[in-house]
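> Structure file model_13.txt (compact mmCIF, C-alpha atoms) right here:
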```
# COMPACT_ATOMS: atom_id res chain seq x y z
CA MET W 218 99.24 58.70 78.38
CA ARG W 219 96.91 55.93 77.91
CA GLU W 220 97.57 53.88 74.96
CA LYS W 221 94.72 53.41 72.53
CA LYS W 222 93.69 49.85 71.84
CA ARG W 223 94.16 48.76 68.34
CA VAL W 224 90.96 47.66 66.72
CA VAL W 225 91.31 44.88 64.34
CA VAL W 226 88.59 44.94 61.75
CA LYS W 227 87.68 41.54 60.50
CA SER W 228 86.17 40.92 57.10
CA ALA W 229 82.48 40.13 56.57
CA GLY W 230 83.31 36.70 55.35
CA THR W 231 85.00 35.90 58.60
CA TYR W 232 81.95 36.97 60.62
CA TYR W 233 79.63 34.94 58.42
CA GLU W 234 81.69 31.83 58.72
CA SER W 235 81.85 32.12 62.47
CA PHE W 236 78.11 32.80 62.61
CA VAL W 237 77.27 29.78 60.53
CA LYS W 238 79.67 27.69 62.55
CA ASN W 239 78.09 28.67 65.86
CA ALA W 240 74.39 29.13 64.95
CA GLY W 241 74.10 26.51 62.25
CA PRO W 242 73.47 23.53 64.54
CA PHE W 243 70.74 25.43 66.36
CA PHE W 244 68.84 26.23 63.22
CA ASN W 245 69.28 22.72 61.92
CA THR W 246 67.71 21.36 65.10
CA VAL W 247 64.77 23.77 64.72
CA LYS W 248 64.36 22.73 61.10
CA ASP W 249 64.30 19.03 61.97
CA ARG W 250 61.65 19.56 64.65
CA LEU W 251 59.49 21.57 62.27
CA ALA W 252 59.85 18.84 59.66
CA ASP W 253 58.59 16.30 62.19
CA ILE W 254 55.61 18.44 63.12
CA VAL W 255 54.55 19.55 59.60
CA PRO W 256 53.58 16.56 57.31
CA LYS W 257 55.98 16.10 54.50
CA ARG W 258 54.73 16.85 51.00
CA LYS W 259 55.05 14.06 48.55
CA ILE W 260 57.67 14.85 45.97
CA SER W 261 57.70 12.94 42.72
CA LYS W 262 60.78 11.16 41.57
CA ARG W 263 61.09 13.65 38.78
CA THR W 264 61.18 16.56 41.24
CA ALA W 265 63.76 14.78 43.37
CA VAL W 266 65.96 14.22 40.38
CA GLN W 267 65.60 17.86 39.43
CA LYS W 268 66.70 18.83 42.96
CA GLU W 269 69.74 16.63 42.76
CA THR W 270 70.78 17.63 39.24
CA LYS W 271 69.71 21.26 38.96
CA THR W 272 70.78 23.94 41.39
CA PRO W 273 68.90 27.22 41.19
CA GLU W 274 70.89 30.22 40.06
CA LYS W 275 69.81 32.15 43.15
CA ALA W 276 71.57 29.66 45.41
CA VAL W 277 74.73 29.92 43.37
CA ASN W 278 74.61 33.67 43.48
CA ALA W 279 74.08 33.53 47.22
CA VAL W 280 77.16 31.39 47.67
CA ASN W 281 79.18 33.67 45.44
CA LYS W 282 78.08 36.67 47.41
CA THR W 283 79.47 35.18 50.59
CA LYS W 284 82.91 36.07 49.44
CA THR W 285 82.72 39.79 49.81
CA PRO W 286 85.84 41.96 49.46
CA GLU W 287 87.12 43.89 52.43
CA LYS W 288 86.05 47.19 50.95
CA THR W 289 82.41 46.35 51.67
CA VAL W 290 82.94 45.89 55.41
CA LYS W 291 81.73 49.36 56.29
CA ILE W 292 78.54 48.91 54.32
CA ILE W 293 77.83 45.56 55.98
CA ARG W 294 78.23 47.19 59.38
CA LYS W 295 75.65 49.80 58.55
CA THR W 296 73.11 47.24 57.23
CA THR W 297 71.18 44.71 59.18
CA ALA W 298 72.43 41.23 59.82
CA PRO W 299 72.00 38.71 57.03
CA LYS W 300 68.95 36.48 57.02
CA ILE W 301 69.63 33.21 58.69
CA SER W 302 66.81 31.26 56.96
CA LEU W 303 68.64 31.15 53.65
CA PRO W 304 68.96 27.39 53.47
CA VAL W 305 65.19 26.88 54.12
CA LYS W 306 64.24 29.59 51.68
CA THR W 307 66.39 28.07 49.01
CA GLU W 308 64.82 24.59 49.44
CA LYS W 309 61.28 26.04 49.30
CA THR W 310 62.11 27.99 46.19
CA VAL W 311 63.38 24.84 44.52
CA ARG W 312 60.32 22.88 45.58
CA ASP W 313 57.87 25.59 44.46
CA SER W 314 59.54 26.01 41.11
CA ALA W 315 59.48 22.24 40.55
CA VAL W 316 55.81 22.11 41.49
CA ARG W 317 55.03 25.03 39.20
CA ASN W 318 56.90 23.36 36.40
CA ARG W 319 55.07 20.09 36.99
CA LEU W 320 51.69 21.82 37.20
CA SER W 321 52.40 23.87 34.09
CA LYS W 322 53.45 20.72 32.22
CA GLU W 323 50.36 18.86 33.43
CA ARG W 324 48.21 21.83 32.50
CA ASN W 325 49.80 22.02 29.07
CA ARG W 326 49.36 18.27 28.68
CA ASP W 327 45.70 18.50 29.73
CA VAL W 328 45.18 21.38 27.33
CA SER W 329 46.81 19.49 24.49
CA VAL W 330 44.76 16.35 25.29
CA ALA W 331 41.56 18.38 25.46
CA LYS W 332 42.48 20.07 22.20
CA ARG W 333 43.13 16.72 20.53
CA ARG W 334 39.85 15.36 21.87
CA THR W 335 38.02 18.43 20.63
CA GLU W 336 39.60 18.09 17.21
CA SER W 337 38.76 14.37 17.08
CA ASP W 338 35.18 15.10 18.18
CA ASN W 339 34.87 17.79 15.54
CA LYS W 340 36.19 15.42 12.91
CA ARG W 341 33.77 12.71 14.02
CA SER W 342 30.86 15.12 14.03
CA GLU W 343 31.82 16.38 10.58
CA THR W 344 32.08 12.80 9.37
CA LYS W 345 28.67 11.97 10.86
CA VAL W 346 27.16 15.10 9.34
CA ARG W 347 28.62 14.25 5.95
CA SER W 348 27.45 10.64 6.15
CA ALA W 349 24.05 11.84 7.34
CA ARG W 350 23.92 14.27 4.43
CA LYS W 351 24.84 11.49 2.06
CA LYS W 352 22.21 9.23 3.57
CA VAL W 353 19.67 12.00 3.45
CA SER W 354 20.54 12.72 -0.14
CA VAL W 355 20.34 9.04 -1.01
CA ARG W 356 17.06 8.64 0.83
CA THR W 357 15.76 11.76 -0.77
CA GLY W 358 16.55 10.31 -4.18
CA LYS W 359 14.87 7.03 -3.31
CA ASP W 360 11.91 8.85 -1.84
CA SER W 361 11.63 10.95 -4.97
CA LYS W 362 11.70 7.80 -7.12
CA ARG W 363 9.16 6.15 -4.88
CA SER W 364 6.98 9.23 -4.89
CA LYS W 365 7.14 9.29 -8.68
CA THR W 366 6.19 5.62 -8.77
CA TYR W 367 3.34 6.22 -6.35
CA ASP W 368 2.19 9.19 -8.38
CA MET W 369 2.20 7.06 -11.53
CA LEU W 370 0.27 4.28 -9.79
CA ILE W 371 -2.22 6.74 -8.40
CA ALA W 372 -2.62 8.34 -11.82
CA LEU W 373 -3.08 4.90 -13.40
CA CYS W 374 -5.64 3.87 -10.79
CA ALA W 375 -7.45 7.17 -11.20
CA THR W 376 -7.51 6.69 -14.96
CA ILE W 377 -8.84 3.15 -14.64
CA MET W 378 -11.47 4.30 -12.16
CA ALA W 379 -12.46 7.14 -14.45
CA ILE W 380 -12.76 4.75 -17.41
CA CYS W 381 -14.81 2.31 -15.32
CA ALA W 382 -17.02 5.12 -14.09
CA ILE W 383 -17.57 6.34 -17.65
CA TYR W 384 -18.32 2.78 -18.77
CA ILE W 385 -20.77 2.27 -15.92
CA ILE W 386 -22.49 5.56 -16.69
CA ILE W 387 -22.77 4.70 -20.37
CA ASP W 388 -23.96 1.19 -19.54
CA ASN W 389 -26.59 2.52 -17.16
CA VAL W 390 -27.75 5.04 -19.75
CA ASN W 391 -28.01 2.31 -22.37
CA ARG W 392 -29.80 -0.02 -19.99
CA SER W 393 -32.25 2.66 -18.95
CA ARG W 394 -32.85 3.44 -22.62
CA GLY W 395 -33.47 -0.26 -23.36
CA SER W 396 -35.74 -0.59 -20.33
CA GLY W 397 -37.67 2.45 -21.48
CA ASP W 398 -38.14 0.97 -24.95
CA ILE W 399 -39.30 -2.33 -23.44
CA LYS W 400 -41.88 -0.60 -21.24
CA THR W 401 -43.09 1.43 -24.18
CA VAL W 402 -43.63 -1.58 -26.42
CA GLN W 403 -45.27 -3.55 -23.58
CA GLN W 404 -47.74 -0.73 -23.00
CA PHE W 405 -48.38 -0.63 -26.73
CA LYS W 406 -49.17 -4.38 -26.75
CA THR W 407 -51.54 -4.10 -23.78
CA GLN W 408 -53.43 -1.17 -25.25
CA THR W 409 -53.65 -2.72 -28.72
CA LEU W 410 -54.86 -6.21 -27.75
CA GLN W 411 -57.42 -4.81 -25.31
CA SER W 412 -58.94 -2.52 -27.93
CA PRO W 413 -62.32 -3.71 -29.27
CA GLY W 414 -62.14 -5.34 -32.70
CA GLU W 415 -58.37 -5.63 -32.58
CA SER W 416 -57.08 -9.00 -33.85
CA LEU W 417 -53.76 -10.82 -33.68
CA SER W 418 -53.06 -9.91 -37.28
CA SER W 419 -53.64 -6.19 -36.70
CA PHE W 420 -51.35 -6.32 -33.67
CA TYR W 421 -48.79 -8.16 -35.77
CA ASP W 422 -48.99 -5.47 -38.44
CA SER W 423 -48.62 -2.76 -35.80
CA MET W 424 -45.47 -4.43 -34.52
CA LYS W 425 -44.16 -4.73 -38.05
CA GLY W 426 -44.68 -0.98 -38.31
CA ILE W 427 -42.37 -0.52 -35.30
CA ASN W 428 -39.76 -2.98 -36.55
CA GLU W 429 -40.04 -5.00 -39.75
CA ASP W 430 -37.89 -7.77 -38.21
CA TYR W 431 -40.61 -8.59 -35.68
CA VAL W 432 -41.78 -12.29 -35.82
CA PHE W 433 -43.82 -13.11 -32.65
CA TRP W 434 -44.34 -12.31 -28.98
CA LEU W 435 -42.90 -14.45 -26.14
CA THR W 436 -44.58 -14.67 -22.73
CA ILE W 437 -43.91 -16.66 -19.54
CA PRO W 438 -46.89 -15.90 -17.29
CA ASP W 439 -46.22 -14.26 -13.91
CA THR W 440 -42.65 -13.29 -14.82
CA ASP W 441 -41.03 -10.24 -16.40
CA ILE W 442 -40.55 -12.18 -19.65
CA ASP W 443 -43.23 -10.57 -21.82
CA LEU W 444 -41.21 -9.41 -24.82
CA PRO W 445 -41.18 -9.17 -28.61
CA VAL W 446 -38.93 -11.44 -30.66
CA VAL W 447 -37.21 -10.31 -33.85
CA GLN W 448 -35.00 -12.01 -36.44
CA GLY W 449 -31.98 -10.34 -38.00
CA ASN W 450 -29.62 -11.24 -40.77
CA ASP W 451 -27.12 -12.52 -38.21
CA ASN W 452 -27.01 -13.50 -34.54
CA SER W 453 -25.11 -10.41 -33.31
CA TYR W 454 -27.00 -7.30 -34.44
CA TYR W 455 -29.78 -7.46 -31.85
CA LEU W 456 -27.37 -8.17 -29.01
CA THR W 457 -26.97 -4.39 -28.68
CA LYS W 458 -30.16 -3.04 -30.31
CA THR W 459 -33.66 -2.58 -28.92
CA ILE W 460 -36.91 -3.21 -30.75
CA TYR W 461 -36.71 0.45 -31.86
CA ARG W 462 -33.18 -0.19 -33.19
CA THR W 463 -31.65 2.11 -30.60
CA LYS W 464 -28.31 1.11 -29.12
CA SER W 465 -28.54 -0.60 -25.74
CA ASN W 466 -26.68 -3.33 -23.88
CA THR W 467 -30.02 -4.93 -23.01
CA GLY W 468 -30.56 -5.91 -26.63
CA THR W 469 -33.70 -7.67 -27.83
CA LEU W 470 -34.88 -11.28 -27.92
CA PHE W 471 -34.14 -12.60 -31.38
CA LEU W 472 -34.73 -15.78 -33.35
CA ASP W 473 -31.74 -17.71 -34.69
CA CYS W 474 -31.05 -16.38 -38.19
CA ASN W 475 -31.06 -19.98 -39.54
CA ASN W 476 -34.55 -20.81 -38.24
CA ALA W 477 -37.85 -20.46 -40.14
CA ASN W 478 -39.90 -17.60 -38.68
CA ASP W 479 -43.17 -19.61 -38.90
CA LEU W 480 -42.09 -22.15 -36.21
CA SER W 481 -42.02 -24.97 -38.74
CA ASP W 482 -38.56 -26.24 -37.71
CA GLN W 483 -38.27 -29.14 -35.28
CA ASN W 484 -36.18 -26.95 -32.94
CA THR W 485 -36.66 -23.17 -32.83
CA VAL W 486 -33.89 -21.33 -30.96
CA ILE W 487 -34.41 -17.95 -29.28
CA TYR W 488 -31.54 -15.89 -27.79
CA GLY W 489 -31.53 -13.18 -25.16
CA HIS W 490 -29.36 -11.59 -22.44
CA THR W 491 -29.31 -12.29 -18.71
CA LEU W 492 -28.88 -8.91 -16.97
CA TYR W 493 -27.59 -8.40 -13.43
CA GLY W 494 -30.45 -5.99 -12.74
CA GLY W 495 -33.08 -8.29 -14.20
CA GLY W 496 -34.91 -8.15 -17.51
CA MET W 497 -34.83 -9.97 -20.86
CA LEU W 498 -34.28 -13.72 -20.17
CA SER W 499 -32.91 -13.24 -16.61
CA SER W 500 -35.92 -15.05 -15.10
CA LEU W 501 -34.86 -18.34 -16.73
CA LYS W 502 -32.43 -18.94 -13.85
CA GLY W 503 -35.51 -19.67 -11.73
CA TYR W 504 -35.90 -22.98 -13.54
CA LYS W 505 -32.97 -24.33 -11.57
CA LYS W 506 -35.55 -24.96 -8.82
CA GLN W 507 -38.39 -27.44 -9.06
CA SER W 508 -40.79 -25.12 -7.26
CA PHE W 509 -40.27 -22.39 -9.83
CA TYR W 510 -41.07 -24.80 -12.64
CA GLU W 511 -44.24 -25.97 -10.93
CA SER W 512 -45.36 -22.34 -10.66
CA HIS W 513 -44.35 -21.48 -14.25
CA PRO W 514 -44.64 -24.66 -16.36
CA PHE W 515 -45.85 -23.06 -19.63
CA ILE W 516 -44.46 -20.70 -22.28
CA ILE W 517 -46.69 -18.83 -24.77
CA LEU W 518 -45.81 -17.68 -28.31
CA THR W 519 -48.22 -15.28 -30.06
CA THR W 520 -47.85 -15.07 -33.86
CA SER W 521 -49.83 -13.24 -36.52
CA ASP W 522 -52.68 -15.76 -36.42
CA HIS W 523 -52.18 -18.27 -33.55
CA VAL W 524 -51.29 -18.61 -29.91
CA TYR W 525 -48.97 -21.56 -29.24
CA TYR W 526 -48.44 -23.19 -25.84
CA TYR W 527 -45.26 -24.98 -24.78
CA GLN W 528 -44.52 -27.02 -21.65
CA VAL W 529 -41.02 -26.78 -20.10
CA VAL W 530 -39.06 -30.06 -20.43
CA SER W 531 -35.62 -29.28 -18.94
CA CYS W 532 -33.23 -26.58 -17.71
CA SER W 533 -29.51 -27.30 -17.82
CA PHE W 534 -26.08 -25.72 -18.33
CA VAL W 535 -24.56 -26.65 -21.68
CA SER W 536 -21.36 -25.82 -23.49
CA ALA W 537 -21.56 -22.88 -25.86
CA TYR W 538 -20.26 -25.19 -28.59
CA ALA W 539 -22.61 -28.13 -27.83
CA ASP W 540 -25.16 -29.35 -30.38
CA TYR W 541 -28.29 -28.04 -28.70
CA ARG W 542 -29.32 -25.52 -31.37
CA SER W 543 -29.80 -27.68 -34.43
CA ARG W 544 -32.92 -26.98 -36.51
CA SER W 545 -33.81 -30.68 -36.75
CA TYR W 546 -32.79 -33.90 -34.98
CA GLY W 547 -35.16 -36.24 -36.83
CA SER W 548 -35.87 -39.38 -34.87
CA GLY W 549 -32.84 -38.59 -32.70
CA ILE W 550 -34.79 -35.88 -30.92
CA VAL W 551 -35.88 -38.44 -28.30
CA ASP W 552 -32.25 -39.24 -27.44
CA PHE W 553 -31.40 -35.53 -27.44
CA ILE W 554 -34.22 -34.78 -24.97
CA ALA W 555 -33.17 -37.73 -22.79
CA GLN W 556 -29.64 -36.32 -22.59
CA MET W 557 -30.90 -32.84 -21.73
CA ARG W 558 -33.21 -34.26 -19.05
CA ALA W 559 -30.31 -36.19 -17.50
CA ASP W 560 -28.42 -32.92 -16.98
CA SER W 561 -31.49 -30.92 -15.98
CA PHE W 562 -32.05 -29.14 -12.67
CA ILE W 563 -35.75 -30.04 -12.72
CA ARG W 564 -37.91 -33.10 -13.38
CA THR W 565 -41.01 -32.82 -15.59
CA LYS W 566 -43.62 -35.13 -17.08
CA ALA W 567 -43.79 -33.36 -20.43
CA ARG W 568 -44.10 -35.88 -23.29
CA VAL W 569 -41.68 -35.73 -26.24
CA ASP W 570 -41.71 -38.12 -29.23
CA ALA W 571 -40.12 -38.27 -32.67
CA GLY W 572 -42.79 -35.95 -34.16
CA SER W 573 -42.61 -33.28 -31.47
CA HIS W 574 -41.58 -29.66 -32.03
CA ILE W 575 -39.57 -27.83 -29.41
CA ILE W 576 -38.24 -24.39 -28.66
CA THR W 577 -34.88 -23.69 -26.96
CA LEU W 578 -34.35 -20.50 -24.95
CA SER W 579 -30.59 -19.83 -24.77
CA THR W 580 -28.99 -17.28 -22.46
CA CYS W 581 -25.90 -16.78 -20.31
CA GLY W 582 -25.96 -16.33 -16.54
CA THR W 583 -23.97 -19.47 -15.68
CA GLY W 584 -20.90 -17.67 -14.31
CA ASP W 585 -18.81 -19.30 -17.05
CA LYS W 586 -18.35 -17.58 -20.41
CA GLN W 587 -17.99 -20.97 -22.09
CA LYS W 588 -21.40 -22.20 -20.92
CA ARG W 589 -25.03 -21.29 -21.53
CA THR W 590 -28.36 -21.81 -19.79
CA ALA W 591 -30.71 -23.80 -22.04
CA VAL W 592 -34.43 -24.11 -21.28
CA ILE W 593 -36.25 -26.53 -23.60
CA ALA W 594 -40.08 -26.65 -23.99
CA VAL W 595 -42.28 -28.92 -26.14
CA LEU W 596 -45.19 -27.68 -28.27
CA LEU W 597 -48.62 -28.70 -26.92
CA ASN W 598 -50.97 -27.43 -29.71
CA PRO W 599 -49.27 -27.84 -33.11
CA ASN W 600 -52.28 -26.41 -34.97
CA GLY W 601 -52.74 -23.44 -32.65
CA GLU W 602 -56.05 -24.70 -31.30
CA GLU W 603 -57.44 -23.74 -27.93
CA ILE W 604 -56.46 -26.24 -25.20
CA ASP W 605 -57.02 -26.76 -21.50
CA LEU W 606 -53.62 -26.49 -19.81
CA SER W 607 -54.88 -28.12 -16.63
CA GLN W 608 -55.06 -31.51 -18.36
CA PHE W 609 -51.30 -31.71 -18.76
CA GLU W 610 -49.22 -33.38 -16.03
CA LEU W 611 -46.39 -31.33 -14.60
```
How would this structure read if it were set down as structure tokens?

Amino acid sequence: MREKKRVVVKSAGTYYESFVKNAGPFFNTVKDRLADIVPKRKISKRTAVQKETKTPEKAVNAVNKTKTPEKTVKIIRKTTAPKISLPVKTEKTVRDSAVRNRLSKERNRDVSVAKRRTESDNKRSETKVRSARKKVSVRTGKDSKRSKTYDMLIALCATIMAICAIYIIIDNVNRSRGSGDIKTVQQFKTQTLQSPGESLSSFYDSMKGINEDYVFWLTIPDTDIDLPVVQGNDNSYYLTKTIYRTKSNTGTLFLDCNNANDLSDQNTVIYGHTLYGGGMLSSLKGYKKQSFYESHPFIILTTSDHVYYYQVVSCSFVSAYADYRSRSYGSGIVDFIAQMRADSFIRTKARVDAGSHIITLSTCGTGDKQKRTAVIAVLLNPNGEEIDLSQFEL
């Protein structure tokens, strides 16, 4: 009989070792050629260190599994041959895990950096919002204070304007009232003196019936000075009263309370206002020009029984406290007239001597509250006789 050959069953570990021993160089050669063909991926130092220091658990388990007991030989025969790319697969697994770890760490770092930046931006924005709120609140407070100040200023200006408007209205009403009284009395004078059989005395009595303080009538021909003159107990009452004793800022021409009302004093002083709209003694400012004097050289006073003519001597600005309103200068009147002529705006040939009588028309209109406009005229017919004015040199 034929003897049966004895089959010696080797262990799986023995086959694996022989396989690796014989096929290992071949696969290593293939691996090196592939490495030359495929560009190498840059591996950071950190990944290299991890490869050297840390060995994946799968590789350890694979090595441990190589030592398989003999009881598993039958099972290994039935299964397919073991994968020969284990070393390559193990290196790729290590590299991929390292890359994933690095990417996850970089991602976490980027997330944390972005989070910190977001938090810092939020804090900055909150700080800016708070500071802006503070600034807004501060500005709002300042604006409110300023608005209150502006409101107060506007209210004050409005009040002042209202007061000025009321004053102007009252002043215009008073002026219009005074102008109306002046026109009324002027019409009365014209109608009375033109009536047949009417005399100066009857006209004087009629004016006394209107106002018992009436003394005479003052006229400068071809001007708006054609007005009655009164005399009060002081030099302030008729500054704001008309001939009808109604209140008005125009006032009335009045004789100095210290003068005699019969024109017997050496110097008779008459006061009156200068108004910005004209009227009263406003026309006296014309005597600052020589031409005006030459056109209006004479002043007429009409009393109860005579008509007196005066020739203008000088027109000058004088201090309100100067001695130009004295009732008598005696023989010093010549020196007084010489001084007034030296300061005069005009030059006249009117004759003045120690026995002359003069009138002084005093008004404002100089632009200075401390000064007055003084127009002085000398009496030409002391006895009230009729004279020819053309014989007098201008």
> Quote the spacing between atom CA of Gly489 of chain W and atom CA of Phe471 of chain W in Å to one decimal place.
6.8 Å
> List as an mmCIF file with C-alpha atoms, in the coordinates of the input: which residues have an atom within 9 Å of (-37.5, -23.6, -13.4), counting all atoms listed in the file?

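Wrote it out as part_9.cif, contents follow:
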```
data_model
loop_
_atom_site.group_PDB
_atom_site.id
_atom_site.type_symbol
_atom_site.label_atom_id
_atom_site.label_comp_id
_atom_site.auth_asym_id
_atom_site.auth_seq_id
_atom_site.Cartn_x
_atom_site.Cartn_y
_atom_site.Cartn_z
ATOM 1 C CA SER W 500 -35.920 -15.050 -15.100
ATOM 2 C CA LEU W 501 -34.860 -18.340 -16.730
ATOM 3 C CA LYS W 502 -32.430 -18.940 -13.850
ATOM 4 C CA GLY W 503 -35.510 -19.670 -11.730
ATOM 5 C CA TYR W 504 -35.900 -22.980 -13.540
ATOM 6 C CA LYS W 505 -32.970 -24.330 -11.570
ATOM 7 C CA LYS W 506 -35.550 -24.960 -8.820
ATOM 8 C CA GLN W 507 -38.390 -27.440 -9.060
ATOM 9 C CA SER W 508 -40.790 -25.120 -7.260
ATOM 10 C CA PHE W 509 -40.270 -22.390 -9.830
ATOM 11 C CA TYR W 510 -41.070 -24.800 -12.640
ATOM 12 C CA GLU W 511 -44.240 -25.970 -10.930
ATOM 13 C CA SER W 512 -45.360 -22.340 -10.660
ATOM 14 C CA HIS W 513 -44.350 -21.480 -14.250
ATOM 15 C CA PRO W 514 -44.640 -24.660 -16.360
ATOM 16 C CA VAL W 529 -41.020 -26.780 -20.100
ATOM 17 C CA SER W 531 -35.620 -29.280 -18.940
ATOM 18 C CA CYS W 532 -33.230 -26.580 -17.710
ATOM 19 C CA PHE W 562 -32.050 -29.140 -12.670
ATOM 20 C CA ILE W 563 -35.750 -30.040 -12.720
ATOM 21 C CA VAL W 592 -34.430 -24.110 -21.280
#
```
> Which is closest to Thr463 of chain W among W:Gly426, W:Gly395, W:Pro445, W:Pro438, if we use all atoms listed in the file?
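Of the candidates, the smallest distance to Thr463 of chain W is held by W:Gly395.
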> Name all residues at most 9 Å from segment 544-546 of chain W (count only C-alpha atoms; drop same-chain ones fewer than 2 positions away) and give them as an mmCIF file with C-alpha atoms, in the frame of the given file.

```cif
data_model
loop_
_atom_site.group_PDB
_atom_site.id
_atom_site.type_symbol
_atom_site.label_atom_id
_atom_site.label_comp_id
_atom_site.auth_asym_id
_atom_site.auth_seq_id
_atom_site.Cartn_x
_atom_site.Cartn_y
_atom_site.Cartn_z
ATOM 1 C CA ASN W 475 -31.060 -19.980 -39.540
ATOM 2 C CA ASN W 476 -34.550 -20.810 -38.240
ATOM 3 C CA ALA W 477 -37.850 -20.460 -40.140
ATOM 4 C CA ASP W 482 -38.560 -26.240 -37.710
ATOM 5 C CA GLN W 483 -38.270 -29.140 -35.280
ATOM 6 C CA ASN W 484 -36.180 -26.950 -32.940
ATOM 7 C CA THR W 485 -36.660 -23.170 -32.830
ATOM 8 C CA VAL W 486 -33.890 -21.330 -30.960
ATOM 9 C CA ARG W 542 -29.320 -25.520 -31.370
ATOM 10 C CA SER W 548 -35.870 -39.380 -34.870
ATOM 11 C CA GLY W 549 -32.840 -38.590 -32.700
ATOM 12 C CA ILE W 550 -34.790 -35.880 -30.920
ATOM 13 C CA VAL W 551 -35.880 -38.440 -28.300
ATOM 14 C CA PHE W 553 -31.400 -35.530 -27.440
ATOM 15 C CA ALA W 571 -40.120 -38.270 -32.670
#
```
> As an exercise, work out the distance from atom CA of Leu596 of chain W to atom CA of Asp430 of chain W in Å and give it to one decimal place.
23.4 Å
> So how far away is atom CA of Tyr421 of chain W from atom CA of Ser521 of chain W, in Å?
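Result for atom CA of Ser521 of chain W versus atom CA of Tyr421 of chain W: 5.2 Å, one decimal.
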> With distances taken over all atoms listed in the file, which of W:Ser543, W:Ser533, W:Asn598, W:Gln556 is nearest to Leu518 of chain W?
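Checking each of W:Ser543, W:Ser533, W:Asn598, W:Gln556 against Leu518 of chain W, counting all atoms listed in the file, the winner is W:Asn598.
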> Compare W:Lys458, W:Lys566, W:Arg326, W:Arg319 by their minimum atom-to-atom distance to Ser396 of chain W, counting all atoms listed in the file, and give me the closest one.
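That would be W:Lys458, the residue with the smallest distance to Ser396 of chain W.
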> Residues within 10 Å of Thr519 of chain W, please, as a ChimeraX atom specification. Count only C-alpha atoms; anything in the same chain fewer than 5 positions from it doesn't count.
/W:417,421,432-436,445,524-526,601
> With distances taken over only C-alpha atoms, which residue among W:Arg589, W:Arg250, W:Lys332, W:Arg324 lies nearest Tyr488 of chain W?
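Distance minimum relative to Tyr488 of chain W lands on W:Arg589.
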> Nearest residue to Tyr431 of chain W out of W:Thr407, W:Ser412, W:Ile517, W:Ile460, using only C-alpha atoms?
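Of all the options, W:Ile460 lies closest to Tyr431 of chain W.
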> Considering all atoms listed in the file, can you say which of W:Met557, W:Pro242, W:Arg333, W:Ser393 comes closest to Gly494 of chain W?
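Closest residue, counting all atoms listed in the file: W:Ser393.
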> Centre and edge lengths, as JSON, for the axis-aligned box enclosing every listed atom of segment 435-450 of chain W with 3 Å of padding on each of the six sides, in Å to one decimal?

```
{"center_x": -38.3, "center_y": -12.9, "center_z": -27.3, "size_x": 23.3, "size_y": 13.5, "size_z": 32.9}
```
> Using all atoms listed in the file, which protein or nucleic acid residues come within 9 Å of Cys474 of chain W? Drop anything in the same chain fewer than 2 positions from it, and give the result as a list in words.
Gln448, Gly449, Asn450, Asp451, Asn452, Phe471, Leu472, Asn476, Ala477 and Asn478 of chain W
